[in-house]
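Quick notes on the structure that follows.
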Amino acid sequence: MANAPTDRPTSEDLPKSDSAARGVAVWMVIAGAFGAVFLGTLTAWLVRDQLHIGCGVGPPGSEGAGSWTCRDGIGYLWVAVTLGGMTVAVTIVGGFIAGRMRNERVARTALVVLAGTSLWWVLAWTWHGSSELVMSVPPGTQSIDYWIASVLPAAIVCGTGILAAIVGLVFRGAGARILLSAGAIAVLAGTVLQPGLAISTLPAAGLLAVAAVRVPRRR
């Protein structure tokens with residue numbers, strides 16, 4: 001007796017579908033890294049021109065009163081090493097998780113944790129730099145005020161995205177995909193608010209998008 005036709009995928013179909021999803025996920029991680037490199041020059045603009053890290057303002061009565069004096073460009077190479085190094089690490093680890101880790105739930109959790117780490121790194125570093133590495137500020141001003149004005153709004157939006165992604169780990173199916181995708185979109189929105197964070201936020205957004213892709217669909 002012939003077997004009845006069925007629309008359900010065979011055991012041979014499932015690995016192919018899983019492999020294709022992981023391949024797409026790897027390219028999404030790479031895309032986030034390329035975006036970070038492309039917009040990475042804006043990090044120097046944030047650090048030097050908005051947060052004034054490594055800069056000082058001339059005191060009243062001096063020749064440069066009220067004007068900012070900063071290090072030369074070479075003096076900011078350590079910024080590229082500190083933040084860029086994290087981006088490289090996130091890309092390598094994220095690519096491995098996206099392409100090689102087969103347990104979907106563990107992979108999504110690891111990707112969200114990695115995205116949160118990338119975001120935390122740039123926010124913590126800029127906070128530290130703004131509070132400790134600004135040489136002098138105008139009277140009546142605190143150096144951290146520049147971080148609050150320039151970074152805090154984007155930090156709140158990006159943080160909300162990470163929180164949505166964490167909640168998404170509790171759900172399955174469409175609910176998980178929606179929350180993880182919303183998290184990625186929120187991090188992208190935070191990047192628009194402060195493009196100088198893109199060196200770390202774009203890889204984070206890519207990882208959250210990958211986590212959404214790695215949510216299994218009902219078969």
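Identifiers in this document derive from the order of the structure tokens: chains are assigned A, B, ..., residues are numbered from 1 separately in each chain, and ligands are numbered from 1 in order of occurrence.
By only C-alpha atoms, and with residues fewer than 2 positions from Ala124 of chain A along its chain excluded, the set lying at most 12 Å from it is Thr82, Leu83, Gly116, Thr117, Ser118, Leu119, Trp120, Trp121, Val122, Thr126, Trp127, His128, Gly129, Ser130, Ser131, Glu132, Trp147, Val151, Leu152, Ala155, Leu197 and Ser200 of chain A.
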Ala182 of chain A environment, 8 Å, only C-alpha atoms, sequence neighbours closer than 5 positions dropped, as a short mmCIF file (atom, residue, chain, number, x, y, z; two decimals) with N, CA, C and O atoms, in the first residue's frame:
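Printed below is result05.cif as written:
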data_model
loop_
_atom_site.label_atom_id
_atom_site.label_comp_id
_atom_site.auth_asym_id
_atom_site.auth_seq_id
_atom_site.Cartn_x
_atom_site.Cartn_y
_atom_site.Cartn_z
N GLY A 161 15.89 48.34 23.93
CA GLY A 161 15.97 47.27 22.94
C GLY A 161 16.56 46.00 23.52
O GLY A 161 16.07 44.90 23.26
N ALA A 164 13.96 44.40 25.71
CA ALA A 164 12.96 43.70 24.91
C ALA A 164 13.49 42.36 24.43
O ALA A 164 12.77 41.34 24.43
N ALA A 165 14.76 42.33 24.04
CA ALA A 165 15.36 41.07 23.58
C ALA A 165 15.45 40.05 24.72
O ALA A 165 15.21 38.86 24.51
#
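Among the candidate residues A:Pro138, A:Gly40, A:Gly99, A:Gly190, the one lying nearest to Val213 of chain A is A:Gly99, with distances computed using only C-alpha atoms.
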Which of segment 12-217 of chain A DSSP labels strand (DSSP E), written as a list in words:
Cys55, Gly56, Val57, Trp68, Thr69 and Cys70 of chain A
Write out, as a tab-separated table (two decimals), in the first residue's frame, the residues just selected, with N, CA, C and O atoms.
chain	number	residue	atom	x	y	z
A	55	CYS	N	40.49	66.48	26.09
A	55	CYS	CA	40.49	67.91	25.78
A	55	CYS	C	40.37	68.73	27.06
A	55	CYS	O	40.00	68.23	28.12
A	56	GLY	N	40.69	70.00	26.94
A	56	GLY	CA	40.52	70.94	28.04
A	56	GLY	C	40.17	72.31	27.49
A	56	GLY	O	40.55	72.65	26.37
A	57	VAL	N	39.43	73.07	28.25
A	57	VAL	CA	39.04	74.41	27.82
A	57	VAL	C	39.94	75.42	28.53
A	57	VAL	O	40.29	75.25	29.71
A	68	TRP	N	38.35	74.98	23.27
A	68	TRP	CA	38.79	73.63	23.57
A	68	TRP	C	40.12	73.34	22.88
A	68	TRP	O	40.31	73.67	21.72
A	69	THR	N	41.01	72.72	23.62
A	69	THR	CA	42.28	72.25	23.08
A	69	THR	C	42.35	70.74	23.31
A	69	THR	O	42.18	70.27	24.44
A	70	CYS	N	42.56	69.99	22.23
A	70	CYS	CA	42.51	68.53	22.31
A	70	CYS	C	43.83	67.92	21.84
A	70	CYS	O	44.67	68.60	21.23
Query - Secondary structure check, alpha helix (DSSP H) residues of segment 2-210 of chain A, as JSON, numbers by chain - result: {"A": [13, 14, 15, 16, 17, 18, 19, 20, 21, 22, 23, 24, 25, 26, 27, 28, 29, 30, 31, 32, 33, 34, 35, 36, 37, 38, 41, 42, 43, 44, 77, 78, 79, 80, 81, 82, 83, 84, 85, 86, 87, 88, 89, 90, 91, 92, 93, 94, 95, 96, 97, 98, 99, 100, 104, 105, 106, 107, 108, 109, 110, 111, 112, 113, 114, 115, 116, 117, 118, 119, 120, 121, 122, 123, 124, 125, 126, 127, 128, 129, 130, 131, 132, 144, 145, 146, 147, 148, 149, 150, 152, 153, 154, 155, 156, 157, 158, 159, 160, 161, 162, 163, 164, 165, 166, 167, 168, 173, 174, 175, 176, 177, 178, 179, 180, 181, 182, 183, 184, 185, 186, 187, 188, 189, 190, 191, 192, 193, 198, 199, 200, 201, 202, 203, 204, 205, 206, 207, 208, 209, 210]}
*Might you pull out every residue within 12 Å of segment 27-38 of chain A, with only C-alpha atoms counted and same-chain residues fewer than 2 positions away left off, and present them as a VMD selection string?*
chain A and resid 20 to 25 40 to 43 80 83 to 99 111 114 to 115 118 184 187 to 188 191 195 to 214
